[in-house]
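Okay, start30.txt is below, compact mmCIF, C-alpha atoms and all ligand atoms:
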# COMPACT_ATOMS: atom_id res chain seq x y z
CA MET C 465 57.94 61.17 100.89
CA THR C 466 56.12 62.80 97.96
CA SER C 467 57.70 64.74 95.14
CA SER C 468 55.81 67.87 96.23
CA PRO C 469 55.37 69.60 99.61
CA LEU C 470 52.02 71.00 98.40
CA ILE C 471 50.67 67.50 97.76
CA THR C 472 51.91 66.36 101.18
CA GLN C 473 50.05 69.33 102.69
CA LEU C 474 46.90 68.53 100.71
CA ILE C 475 46.98 64.89 101.87
CA GLU C 476 47.46 66.10 105.44
CA SER C 477 44.52 68.50 105.32
CA LEU C 478 42.17 65.93 103.75
CA ARG C 479 42.58 64.00 107.02
CA CYS C 480 40.18 66.47 108.70
CA LEU C 481 37.37 64.57 106.96
CA PRO C 482 35.84 61.86 109.17
CA GLY C 483 36.73 58.30 108.12
CA VAL C 484 39.62 59.41 105.90
CA GLY C 485 42.95 57.75 106.78
CA PRO C 486 46.37 58.35 105.19
CA LYS C 487 45.77 55.90 102.33
CA SER C 488 42.44 57.36 101.23
CA ALA C 489 43.65 60.94 101.71
CA GLN C 490 46.50 60.13 99.30
CA ARG C 491 44.11 58.54 96.84
CA MET C 492 41.81 61.58 97.02
CA ALA C 493 44.65 64.08 96.50
CA TYR C 494 45.96 62.33 93.39
CA HIS C 495 42.49 61.78 92.03
CA LEU C 496 41.67 65.49 92.28
CA LEU C 497 44.98 66.64 90.79
CA GLU C 498 44.95 64.11 87.96
CA ARG C 499 41.30 64.10 87.03
CA ASP C 500 39.21 66.79 88.69
CA ARG C 501 40.85 70.13 89.43
CA ASP C 502 37.56 71.88 88.73
CA GLY C 503 35.90 69.71 91.37
CA ALA C 504 38.72 70.61 93.78
CA ARG C 505 38.21 74.34 93.15
CA ARG C 506 34.44 74.06 93.56
CA LEU C 507 34.90 72.10 96.78
CA ALA C 508 37.33 74.75 98.09
CA GLU C 509 34.79 77.48 97.37
CA THR C 510 31.83 75.76 99.01
CA LEU C 511 33.98 74.85 102.03
CA THR C 512 35.00 78.49 102.48
CA THR C 513 31.50 79.86 101.91
CA ALA C 514 29.86 77.31 104.20
CA ALA C 515 32.45 77.76 106.96
CA GLU C 516 31.93 81.55 106.83
CA GLN C 517 28.22 81.86 106.22
CA VAL C 518 26.44 78.94 107.84
CA GLY C 519 25.19 80.13 111.21
CA HIS C 520 22.29 79.17 113.43
CA CYS C 521 18.56 79.66 112.95
CA ALA C 522 17.30 82.30 115.38
CA ARG C 523 14.29 80.14 116.15
CA CYS C 524 15.46 76.49 116.27
CA ARG C 525 19.28 76.86 116.32
CA THR C 526 19.87 74.45 113.43
CA PHE C 527 22.39 75.36 110.72
CA THR C 528 21.26 77.90 108.17
CA GLU C 529 22.74 80.85 106.29
CA ALA C 530 19.43 82.70 106.72
CA GLU C 531 18.03 84.42 109.81
CA ILE C 532 15.31 81.76 110.08
CA CYS C 533 15.79 78.29 108.56
CA GLY C 534 13.66 76.77 105.81
CA ILE C 535 11.86 74.43 108.20
CA CYS C 536 10.94 77.12 110.76
CA SER C 537 9.73 79.47 108.03
CA ASP C 538 7.59 76.81 106.32
CA GLU C 539 4.04 77.79 107.28
CA ARG C 540 2.62 74.42 106.26
CA ARG C 541 4.40 72.76 109.16
CA ASP C 542 2.63 72.08 112.44
CA ALA C 543 3.85 74.59 115.02
CA SER C 544 2.20 72.72 117.87
CA LEU C 545 4.72 69.87 117.65
CA LEU C 546 8.37 70.45 118.56
CA CYS C 547 11.03 67.77 118.21
CA VAL C 548 14.15 68.36 120.33
CA VAL C 549 17.44 66.97 118.98
CA GLU C 550 21.12 67.38 119.78
CA SER C 551 22.50 68.38 116.37
CA PRO C 552 21.63 69.63 112.85
CA ALA C 553 22.66 66.23 111.49
CA ASP C 554 19.87 64.70 113.59
CA VAL C 555 17.31 67.04 111.97
CA GLN C 556 18.64 65.83 108.65
CA ALA C 557 18.38 62.16 109.64
CA LEU C 558 14.77 62.58 110.84
CA GLU C 559 13.70 64.65 107.81
CA GLY C 560 15.11 61.95 105.54
CA ALA C 561 13.49 59.05 107.36
CA ILE C 562 10.05 59.96 108.63
CA ASN C 563 7.10 61.98 107.51
CA TYR C 564 7.23 64.47 110.37
CA ARG C 565 5.48 67.80 109.82
CA GLY C 566 6.20 69.58 113.08
CA LEU C 567 9.14 71.83 113.98
CA TYR C 568 12.52 71.23 115.64
CA PHE C 569 14.66 72.62 118.37
CA VAL C 570 18.39 71.89 118.15
CA LEU C 571 20.36 71.84 121.40
CA MET C 572 23.78 71.84 119.71
CA GLY C 573 24.93 69.41 122.39
CA HIS C 574 23.61 68.03 125.68
CA LEU C 575 23.81 68.85 129.37
CA SER C 576 27.19 67.92 130.77
CA PRO C 577 27.78 69.44 134.22
CA LEU C 578 31.30 67.99 134.47
CA ASP C 579 32.29 69.91 131.32
CA GLY C 580 30.51 73.03 132.56
CA ILE C 581 27.74 72.73 129.97
CA GLY C 582 24.54 73.90 131.64
CA PRO C 583 20.97 74.66 130.50
CA GLU C 584 21.75 78.04 128.89
CA ASP C 585 24.63 76.58 126.84
CA ILE C 586 22.18 74.29 125.08
CA GLY C 587 19.60 77.06 124.58
CA LEU C 588 17.09 75.97 127.21
CA ASP C 589 16.29 79.59 128.16
CA ARG C 590 15.11 80.10 124.59
CA LEU C 591 13.26 76.80 124.59
CA VAL C 592 11.37 77.79 127.75
CA GLU C 593 10.38 81.08 126.07
CA ARG C 594 8.85 79.02 123.31
CA PHE C 595 7.04 76.82 125.82
CA ASP C 596 5.63 79.98 127.39
CA GLY C 597 4.60 81.31 123.97
CA GLY C 598 1.66 78.90 124.10
CA ASP C 599 1.82 77.39 120.58
CA ILE C 600 3.39 74.08 121.55
CA HIS C 601 1.19 71.17 122.61
CA GLU C 602 3.76 68.39 122.51
CA ILE C 603 7.54 68.13 122.56
CA ILE C 604 9.14 64.99 121.18
CA LEU C 605 12.45 64.32 122.87
CA ALA C 606 14.90 62.82 120.38
CA THR C 607 18.29 63.26 121.99
CA ASN C 608 20.94 60.57 121.54
CA PRO C 609 20.32 57.34 123.49
CA THR C 610 23.37 57.92 125.69
CA VAL C 611 23.54 58.67 129.42
CA GLU C 612 23.95 62.42 128.76
CA GLY C 613 21.23 62.44 126.09
CA GLU C 614 18.77 60.66 128.39
CA ALA C 615 19.58 63.02 131.28
CA THR C 616 19.08 66.03 129.00
CA SER C 617 15.73 64.72 127.79
CA HIS C 618 14.63 64.05 131.34
CA TYR C 619 15.52 67.62 132.34
CA ILE C 620 13.67 69.15 129.36
CA GLY C 621 10.70 66.85 129.92
CA GLU C 622 10.36 68.27 133.43
CA LEU C 623 10.44 71.84 132.12
CA ALA C 624 7.69 70.98 129.64
CA ARG C 625 5.41 69.21 132.08
CA GLU C 626 5.70 72.00 134.65
CA ARG C 627 4.09 74.13 131.92
CA GLY C 628 1.39 71.62 131.03
CA ILE C 629 3.03 70.59 127.74
CA ARG C 630 3.01 66.92 126.82
CA ALA C 631 6.52 65.45 126.55
CA THR C 632 7.16 62.24 124.61
CA ARG C 633 10.36 60.32 124.02
CA LEU C 634 11.26 58.26 120.94
CA ALA C 635 10.33 54.62 121.58
CA HIS C 636 13.03 52.21 122.50
CA GLY C 637 14.13 50.37 119.49
CA ILE C 638 16.92 52.84 118.95
CA PRO C 639 20.06 50.92 119.88
CA LEU C 640 21.46 52.17 123.19
CA GLY C 641 24.88 53.83 123.33
CA GLY C 642 24.83 54.91 119.69
CA GLU C 643 24.38 58.22 117.97
CA LEU C 644 21.06 59.20 116.46
CA GLU C 645 22.43 60.38 113.12
CA PHE C 646 23.80 56.91 112.31
CA VAL C 647 20.57 54.99 113.03
CA ASP C 648 18.94 53.56 109.89
CA GLY C 649 15.68 55.06 108.63
CA THR C 650 13.44 52.09 109.40
CA THR C 651 14.49 51.98 113.04
CA LEU C 652 14.08 55.75 113.32
CA SER C 653 10.65 55.63 111.76
CA HIS C 654 9.57 52.80 114.08
CA ALA C 655 10.86 54.61 117.15
CA PHE C 656 9.16 57.83 116.10
CA LEU C 657 5.73 56.24 115.66
CA GLY C 658 6.08 54.35 118.94
CA ARG C 659 7.03 57.41 120.98
CA GLN C 660 5.74 57.39 124.55
CA SER C 661 4.63 59.90 127.15
CA ILE C 662 7.15 60.59 129.86
CA GLU C 663 5.52 60.00 133.27
CA MET F 783 15.90 68.29 101.90
CA THR F 784 18.32 70.16 104.19
CA SER F 785 17.54 73.34 106.09
CA SER F 786 20.27 75.16 104.12
CA PRO F 787 21.07 75.45 100.40
CA LEU F 788 24.75 76.04 101.28
CA ILE F 789 24.95 72.73 103.13
CA THR F 790 23.24 70.96 100.22
CA GLN F 791 25.85 72.51 97.93
CA LEU F 792 28.70 71.47 100.24
CA ILE F 793 27.41 67.87 100.37
CA GLU F 794 27.16 67.89 96.58
CA SER F 795 30.70 69.14 96.05
CA LEU F 796 32.20 66.65 98.53
CA ARG F 797 31.02 63.98 96.09
CA CYS F 798 33.97 64.84 93.81
CA LEU F 799 36.12 62.85 96.25
CA PRO F 800 36.60 59.23 95.17
CA GLY F 801 34.71 56.70 97.30
CA VAL F 802 32.43 59.34 98.84
CA GLY F 803 28.72 58.60 98.38
CA PRO F 804 25.75 60.74 99.46
CA LYS F 805 25.72 59.34 103.02
CA SER F 806 29.39 59.96 103.76
CA ALA F 807 29.33 63.37 102.05
CA GLN F 808 26.51 64.36 104.41
CA ARG F 809 28.40 63.02 107.39
CA MET F 810 31.53 64.95 106.34
CA ALA F 811 29.64 68.22 105.82
CA TYR F 812 28.01 68.14 109.26
CA HIS F 813 31.21 67.02 110.93
CA LEU F 814 33.13 69.98 109.49
CA LEU F 815 30.43 72.53 110.31
CA GLU F 816 29.81 71.24 113.82
CA ARG F 817 33.32 70.40 114.91
CA ASP F 818 36.06 71.56 112.58
CA ARG F 819 35.51 74.80 110.65
CA ASP F 820 39.23 75.56 110.92
CA GLY F 821 39.97 72.23 109.27
CA ALA F 822 37.46 73.08 106.53
CA ARG F 823 39.15 76.46 105.91
CA ARG F 824 42.61 74.90 105.83
CA LEU F 825 41.39 72.20 103.43
CA ALA F 826 39.86 74.87 101.18
CA GLU F 827 43.16 76.75 101.09
CA THR F 828 45.32 73.73 100.28
CA LEU F 829 42.83 72.59 97.61
CA THR F 830 42.98 75.99 95.92
CA THR F 831 46.76 76.30 96.18
CA ALA F 832 47.38 72.74 94.97
CA ALA F 833 44.90 73.04 92.08
CA GLU F 834 46.58 76.29 90.97
CA GLN F 835 50.24 75.61 91.63
CA VAL F 836 50.91 71.90 91.16
CA GLY F 837 52.23 71.44 87.64
CA HIS F 838 54.53 68.91 86.00
CA CYS F 839 58.25 68.33 86.46
CA ALA F 840 60.10 69.47 83.33
CA ARG F 841 62.22 66.33 83.48
CA CYS F 842 59.96 63.44 84.56
CA ARG F 843 56.46 64.96 84.21
CA THR F 844 55.35 63.98 87.72
CA PHE F 845 53.41 66.50 89.83
CA THR F 846 55.44 69.26 91.44
CA GLU F 847 55.10 72.96 92.17
CA ALA F 848 58.80 73.40 91.26
CA GLU F 849 60.43 73.45 87.82
CA ILE F 850 62.18 70.14 88.58
CA CYS F 851 60.72 67.74 91.18
CA GLY F 852 62.45 66.64 94.38
CA ILE F 853 63.28 63.20 93.00
CA CYS F 854 64.83 64.42 89.73
CA SER F 855 66.88 67.04 91.55
CA ASP F 856 68.20 64.60 94.16
CA GLU F 857 71.81 64.00 93.09
CA ARG F 858 72.17 60.92 95.26
CA ARG F 859 69.76 59.03 93.02
CA ASP F 860 71.01 56.76 90.24
CA ALA F 861 70.45 58.51 86.90
CA SER F 862 71.24 55.34 84.93
CA LEU F 863 67.96 53.70 86.01
CA LEU F 864 64.62 55.06 84.78
CA CYS F 865 61.31 53.64 85.90
CA VAL F 866 58.39 54.43 83.55
CA VAL F 867 54.93 54.71 85.15
CA GLU F 868 51.52 55.97 84.10
CA SER F 869 50.76 58.43 86.89
CA PRO F 870 52.21 60.45 89.80
CA ALA F 871 50.25 58.22 92.19
CA ASP F 872 52.28 55.28 90.88
CA VAL F 873 55.54 57.10 91.72
CA GLN F 874 54.14 57.57 95.19
CA ALA F 875 53.18 53.90 95.51
CA LEU F 876 56.63 52.72 94.42
CA GLU F 877 58.49 55.23 96.62
CA GLY F 878 56.47 54.07 99.61
CA ALA F 879 56.98 50.38 98.95
CA ILE F 880 60.45 49.66 97.62
CA ASN F 881 63.96 50.90 98.12
CA TYR F 882 64.41 52.18 94.59
CA ARG F 883 67.14 54.77 94.06
CA GLY F 884 66.78 55.44 90.33
CA LEU F 885 64.65 58.07 88.58
CA TYR F 886 61.16 58.05 87.08
CA PHE F 887 59.37 59.04 83.93
CA VAL F 888 55.63 59.65 84.22
CA LEU F 889 53.53 59.13 81.09
CA MET F 890 50.38 60.79 82.53
CA GLY F 891 48.35 58.08 80.79
CA HIS F 892 48.94 55.34 78.25
CA LEU F 893 48.76 54.87 74.49
CA SER F 894 45.17 54.65 73.33
CA PRO F 895 44.85 55.01 69.56
CA LEU F 896 41.05 54.75 69.68
CA ASP F 897 40.92 57.82 71.92
CA GLY F 898 43.49 59.61 69.78
CA ILE F 899 46.22 59.35 72.42
CA GLY F 900 49.49 58.81 70.61
CA PRO F 901 53.20 58.74 71.58
CA GLU F 902 53.61 62.55 71.89
CA ASP F 903 50.58 62.83 74.17
CA ILE F 904 52.32 60.64 76.72
CA GLY F 905 55.65 62.45 76.37
CA LEU F 906 57.53 59.80 74.38
CA ASP F 907 59.33 62.46 72.30
CA ARG F 908 60.85 63.75 75.53
CA LEU F 909 61.56 60.22 76.74
CA VAL F 910 63.47 59.44 73.54
CA GLU F 911 65.54 62.59 74.03
CA ARG F 912 66.55 61.23 77.40
CA PHE F 913 67.40 57.85 75.85
CA ASP F 914 69.62 59.69 73.37
CA GLY F 915 71.25 61.70 76.19
CA GLY F 916 73.27 58.58 77.00
CA ASP F 917 72.86 58.47 80.81
CA ILE F 918 70.30 55.71 80.95
CA HIS F 919 71.37 52.07 81.06
CA GLU F 920 68.08 50.45 81.98
CA ILE F 921 64.44 51.38 81.86
CA ILE F 922 62.03 49.59 84.15
CA LEU F 923 58.55 49.46 82.64
CA ALA F 924 55.94 49.75 85.38
CA THR F 925 52.74 50.68 83.56
CA ASN F 926 49.43 49.29 84.79
CA PRO F 927 48.88 45.56 84.10
CA THR F 928 46.01 46.30 81.70
CA VAL F 929 45.84 45.76 77.95
CA GLU F 930 46.67 49.43 77.26
CA GLY F 931 49.43 49.48 79.87
CA GLU F 932 51.05 46.36 78.42
CA ALA F 933 50.84 47.72 74.87
CA THR F 934 52.39 51.01 76.00
CA SER F 935 55.25 49.19 77.74
CA HIS F 936 55.83 47.05 74.67
CA TYR F 937 56.04 50.16 72.49
CA ILE F 938 58.47 51.94 74.85
CA GLY F 939 60.55 48.77 75.23
CA GLU F 940 61.06 48.73 71.46
CA LEU F 941 62.19 52.38 71.48
CA ALA F 942 64.71 51.57 74.21
CA ARG F 943 66.14 48.46 72.63
CA GLU F 944 66.58 50.15 69.27
CA ARG F 945 68.93 52.47 71.18
CA GLY F 946 70.77 49.69 73.00
CA ILE F 947 69.10 50.40 76.35
CA ARG F 948 68.04 47.46 78.47
CA ALA F 949 64.27 47.36 79.07
CA THR F 950 62.79 45.38 81.96
CA ARG F 951 59.21 44.86 83.03
CA LEU F 952 57.94 44.38 86.59
CA ALA F 953 57.63 40.64 87.29
CA HIS F 954 54.26 39.05 87.13
CA GLY F 955 52.84 38.77 90.54
CA ILE F 956 51.04 42.03 90.05
CA PRO F 957 47.39 41.03 89.72
CA LEU F 958 46.23 41.42 86.12
CA GLY F 959 43.51 43.90 85.28
CA GLY F 960 44.15 46.08 88.32
CA GLU F 961 45.72 49.48 88.82
CA LEU F 962 49.27 49.80 90.05
CA GLU F 963 48.57 52.41 92.70
CA PHE F 964 46.25 50.03 94.59
CA VAL F 965 48.67 47.08 94.71
CA ASP F 966 50.01 46.34 98.21
CA GLY F 967 53.63 47.09 99.06
CA THR F 968 54.80 43.48 99.44
CA THR F 969 53.52 42.48 96.01
CA LEU F 970 55.04 45.59 94.46
CA SER F 971 58.38 44.95 96.13
CA HIS F 972 58.36 41.32 94.98
CA ALA F 973 57.48 42.28 91.40
CA PHE F 974 60.16 44.94 91.36
CA LEU F 975 62.95 42.61 92.49
CA GLY F 976 61.82 39.93 90.02
CA ARG F 977 61.72 42.27 87.01
CA GLN F 978 62.69 40.62 83.73
CA SER F 979 64.35 41.62 80.46
CA ILE F 980 61.99 42.14 77.57
CA GLU F 981 63.12 39.93 74.68
ZN ZN C 1001 14.88 76.97 112.32
ZN ZN C 1002 60.92 64.99 88.10

Give the structure from this file in structure tokens form.
Amino acid sequence: MTSSPLITQLIESLRCLPGVGPKSAQRMAYHLLERDRDGARRLAETLTTAAEQVGHCARCRTFTEAEICGICSDERRDASLLCVVESPADVQALEGAINYRGLYFVLMGHLSPLDGIGPEDIGLDRLVERFDGGDIHEIILATNPTVEGEATSHYIGELARERGIRATRLAHGIPLGGELEFVDGTTLSHAFLGRQSIE
Amino acid sequence: MTSSPLITQLIESLRCLPGVGPKSAQRMAYHLLERDRDGARRLAETLTTAAEQVGHCARCRTFTEAEICGICSDERRDASLLCVVESPADVQALEGAINYRGLYFVLMGHLSPLDGIGPEDIGLDRLVERFDGGDIHEIILATNPTVEGEATSHYIGELARERGIRATRLAHGIPLGGELEFVDGTTLSHAFLGRQSIE
């Protein structure tokens, strides 16, 4: 349908971007070729570099190209507070919305026994080591407000309380059934301040 | 603001895509890193290859990685009809919308004396050579319905009629002030069928 197999291929591969349908992929391809080949080359480079080099922080498991991420290695942050989230995008959403000065732990998912995803797959062995390290006084559970997210938080909350660590959960106010990274900043901030102890 | 300079850079370079603001660039970056690194690598490859290899058809100036594009080299198409458009995206829009079997000529812009863009910059020397070749019986002027597009069509129409070639313009029905590539198929099809002689 196009005059060039390469353009057809480019349109096809732009579809890997979330929210990009055939029409916008076509618009993007022609825009880049007509007006911004330098932008296209730069994008190709950063895509390759990021896909190769972005790994996980040895301490909190979020994305980083370093051994330890910028947040974990920032000594001004409060190491007695640990916020547990499902994904690096959630760290991003919280950092952008609230004035939180503690640290994070990123599960890279949630418990899902039916899919064979157990505690070790979401790094809970490492999280327990940190609990036992003695620095942490409170964990703030900020998994997604879905059935699996709630179950995961409940499970981690138990692990914390068995070790005498206070476990809190983001206040309701976060719409149920959604995904944390798409919640607006005001709601997030509200939910964070109103966090409650898990009994 | 992110835990990784590489991710910040990736988000920044995704902004070269039209219609992608800071929020969606961030969403795209995390989506690719969390769920589709293969897609990211494939996209990087096609971006590089397309940016390097897609050039212009020697006959119609549209985008192609070949010497002559697929449309110009298709012998089943009617070489007596030539549709003149501003950009390769316009060829794409017309091919997708109407059952046109003639050929194209792509100006890669429009006349714009104030910006120093004259007839040779939009390939009119080559277009006149094709007029003089004797194959063409009708040119269909399908530049954008903007002031510059109309002026360009008027200029090309004169060149054609001086050589005894019929010049038609897409019928009104195309919304004024817009860009051809964003016009819906039905409107395009209607305008194409209702094209009129330029007097
Ligand atoms: Zn970290
Ligand atoms: Zn061609």

Mind dumping a table of every chain F residue within 7 Å of chain C, with the nearest atom pair and its distance in Å to one decimal, using only C-alpha atoms, sorted by chain and rising number, as a tab-separated table?
residue	atom	partner	partner_atom	distance
F:Thr784	CA	C:Gln556	CA	6.2
F:Ser785	CA	C:Gly534	CA	5.2
F:Ser786	CA	C:Thr528	CA	5.0
F:Leu788	CA	C:Ala514	CA	6.0
F:Ile789	CA	C:Ala514	CA	6.8
F:Gln791	CA	C:Thr510	CA	6.9
F:Leu792	CA	C:Thr510	CA	5.5
F:Ser795	CA	C:Leu507	CA	5.2
F:Leu796	CA	C:Leu507	CA	6.3
F:Cys798	CA	C:Gly503	CA	5.8
F:Leu799	CA	C:Met492	CA	5.9
F:Pro800	CA	C:Met492	CA	6.0
F:Met810	CA	C:Leu481	CA	5.9
F:Tyr812	CA	C:Ala553	CA	6.1
F:Leu815	CA	C:Ala515	CA	6.5
F:Arg819	CA	C:Ala515	CA	5.6
F:Gly821	CA	C:Cys480	CA	5.8
F:Ala822	CA	C:Leu511	CA	6.0
F:Arg823	CA	C:Thr512	CA	5.8
F:Arg824	CA	C:Ser477	CA	6.7
F:Leu825	CA	C:Ser477	CA	5.2
F:Ala826	CA	C:Ala508	CA	4.0
F:Glu827	CA	C:Ala508	CA	6.9
F:Thr828	CA	C:Leu474	CA	5.5
F:Leu829	CA	C:Ala508	CA	5.9
F:Thr830	CA	C:Arg505	CA	5.8
F:Ala832	CA	C:Leu470	CA	6.0
F:Ala833	CA	C:Arg501	CA	5.6
F:Phe845	CA	C:Ser468	CA	7.0
F:Thr846	CA	C:Ser468	CA	5.0
F:Glu847	CA	C:Ser468	CA	6.5
F:Cys851	CA	C:Ser467	CA	5.8
F:Gly852	CA	C:Ser467	CA	5.2
F:Ile853	CA	C:Ser467	CA	6.2
F:Ala871	CA	C:Tyr494	CA	6.1
F:Gln874	CA	C:Thr466	CA	6.2

Practice problem: Measuring atom to atom with all atoms listed in the file, identify which of F:Ala973, F:Phe887, F:Gly900, F:Leu893 is nearest to His936 in chain F. | Solution: F:Leu893

Quiz item: Of the residues F:Leu889, F:Ile880, F:Ile947, F:Val866, which is the one nearest to Ile922 in chain F, using all atoms listed in the file?
Solution: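 So, comparing all the options, the nearest one is F:Val866.
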
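We find CA of Ala635 in chain C and CA of Leu652 in chain C to be spaced 9.1 Å apart.
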
Exercise. Provide the CA of Glu920 in chain F to CA of Ala942 in chain F distance in Å, to one decimal place.
Key: 8.5 Å

Exercise. Calculate how many Å separate CA of Thr928 in chain F from CA of Gly960 in chain F, rounding to one decimal.
Key: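 It comes out at 6.9 Å.
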
Quiz item: Could you pull the residues within 10 Å of Thr925 in chain F, counting all atoms listed in the file, minus those fewer than 3 positions along the same chain, as a list in words?
Solution: Cys865, Val866, Val867, Glu868, Ser869, Asp872, Val888, Leu889, Gly891, His892, Ile922, Thr928, Glu930, Gly931, Glu932, Ala933, Thr934, Ser935, Arg951, Leu952, Glu961 and Leu962 of chain F

Would you mind exporting C-alpha atoms of the selected residues as an mmCIF file, keeping the file's coordinate frame?
data_model
loop_
_atom_site.group_PDB
_atom_site.id
_atom_site.type_symbol
_atom_site.label_atom_id
_atom_site.label_comp_id
_atom_site.auth_asym_id
_atom_site.auth_seq_id
_atom_site.Cartn_x
_atom_site.Cartn_y
_atom_site.Cartn_z
ATOM 1 C CA CYS F 865 61.310 53.640 85.900
ATOM 2 C CA VAL F 866 58.390 54.430 83.550
ATOM 3 C CA VAL F 867 54.930 54.710 85.150
ATOM 4 C CA GLU F 868 51.520 55.970 84.100
ATOM 5 C CA SER F 869 50.760 58.430 86.890
ATOM 6 C CA ASP F 872 52.280 55.280 90.880
ATOM 7 C CA VAL F 888 55.630 59.650 84.220
ATOM 8 C CA LEU F 889 53.530 59.130 81.090
ATOM 9 C CA GLY F 891 48.350 58.080 80.790
ATOM 10 C CA HIS F 892 48.940 55.340 78.250
ATOM 11 C CA ILE F 922 62.030 49.590 84.150
ATOM 12 C CA THR F 928 46.010 46.300 81.700
ATOM 13 C CA GLU F 930 46.670 49.430 77.260
ATOM 14 C CA GLY F 931 49.430 49.480 79.870
ATOM 15 C CA GLU F 932 51.050 46.360 78.420
ATOM 16 C CA ALA F 933 50.840 47.720 74.870
ATOM 17 C CA THR F 934 52.390 51.010 76.000
ATOM 18 C CA SER F 935 55.250 49.190 77.740
ATOM 19 C CA ARG F 951 59.210 44.860 83.030
ATOM 20 C CA LEU F 952 57.940 44.380 86.590
ATOM 21 C CA GLU F 961 45.720 49.480 88.820
ATOM 22 C CA LEU F 962 49.270 49.800 90.050
#

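Taking only C-alpha atoms and all ligand atoms into account, ligand ZN 1002 (chain C) lies nearest to F:Tyr886 out of the set F:Ile904, F:Tyr886, F:Leu863, F:Leu909.
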
Practice problem: Choose the residue, out of F:Gly967, F:Gly884, F:Pro895, F:Pro927, that has the smallest atom-to-atom separation from ligand ZN 1002 (chain C); count all atoms listed in the file. | Solution: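 Using all atoms listed in the file, the shortest distance to ligand ZN 1002 (chain C) belongs to F:Gly884.
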
Quiz item: Between C:Arg523, C:Thr651, C:Asp596, C:Val611, which is the closest to Glu626 in chain C once you count all atoms listed in the file?
Solution: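 Of C:Arg523, C:Thr651, C:Asp596, C:Val611, the one nearest Glu626 in chain C, counting all atoms listed in the file, is C:Asp596.
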
Quiz prompt | Distance criterion (only C-alpha atoms and all ligand atoms): nearest to ligand ZN 1002 (chain C) out of F:Ile899, F:Leu885, F:Ala879, F:Ala861 | solution = F:Leu885

Self-check item: All residues 10 Å or closer to Asn881 in chain F, only C-alpha atoms, same chain fewer than 4 positions away omitted, as a list in words
Solution: Leu876, Glu877, Ser971 and Phe974 of chain F
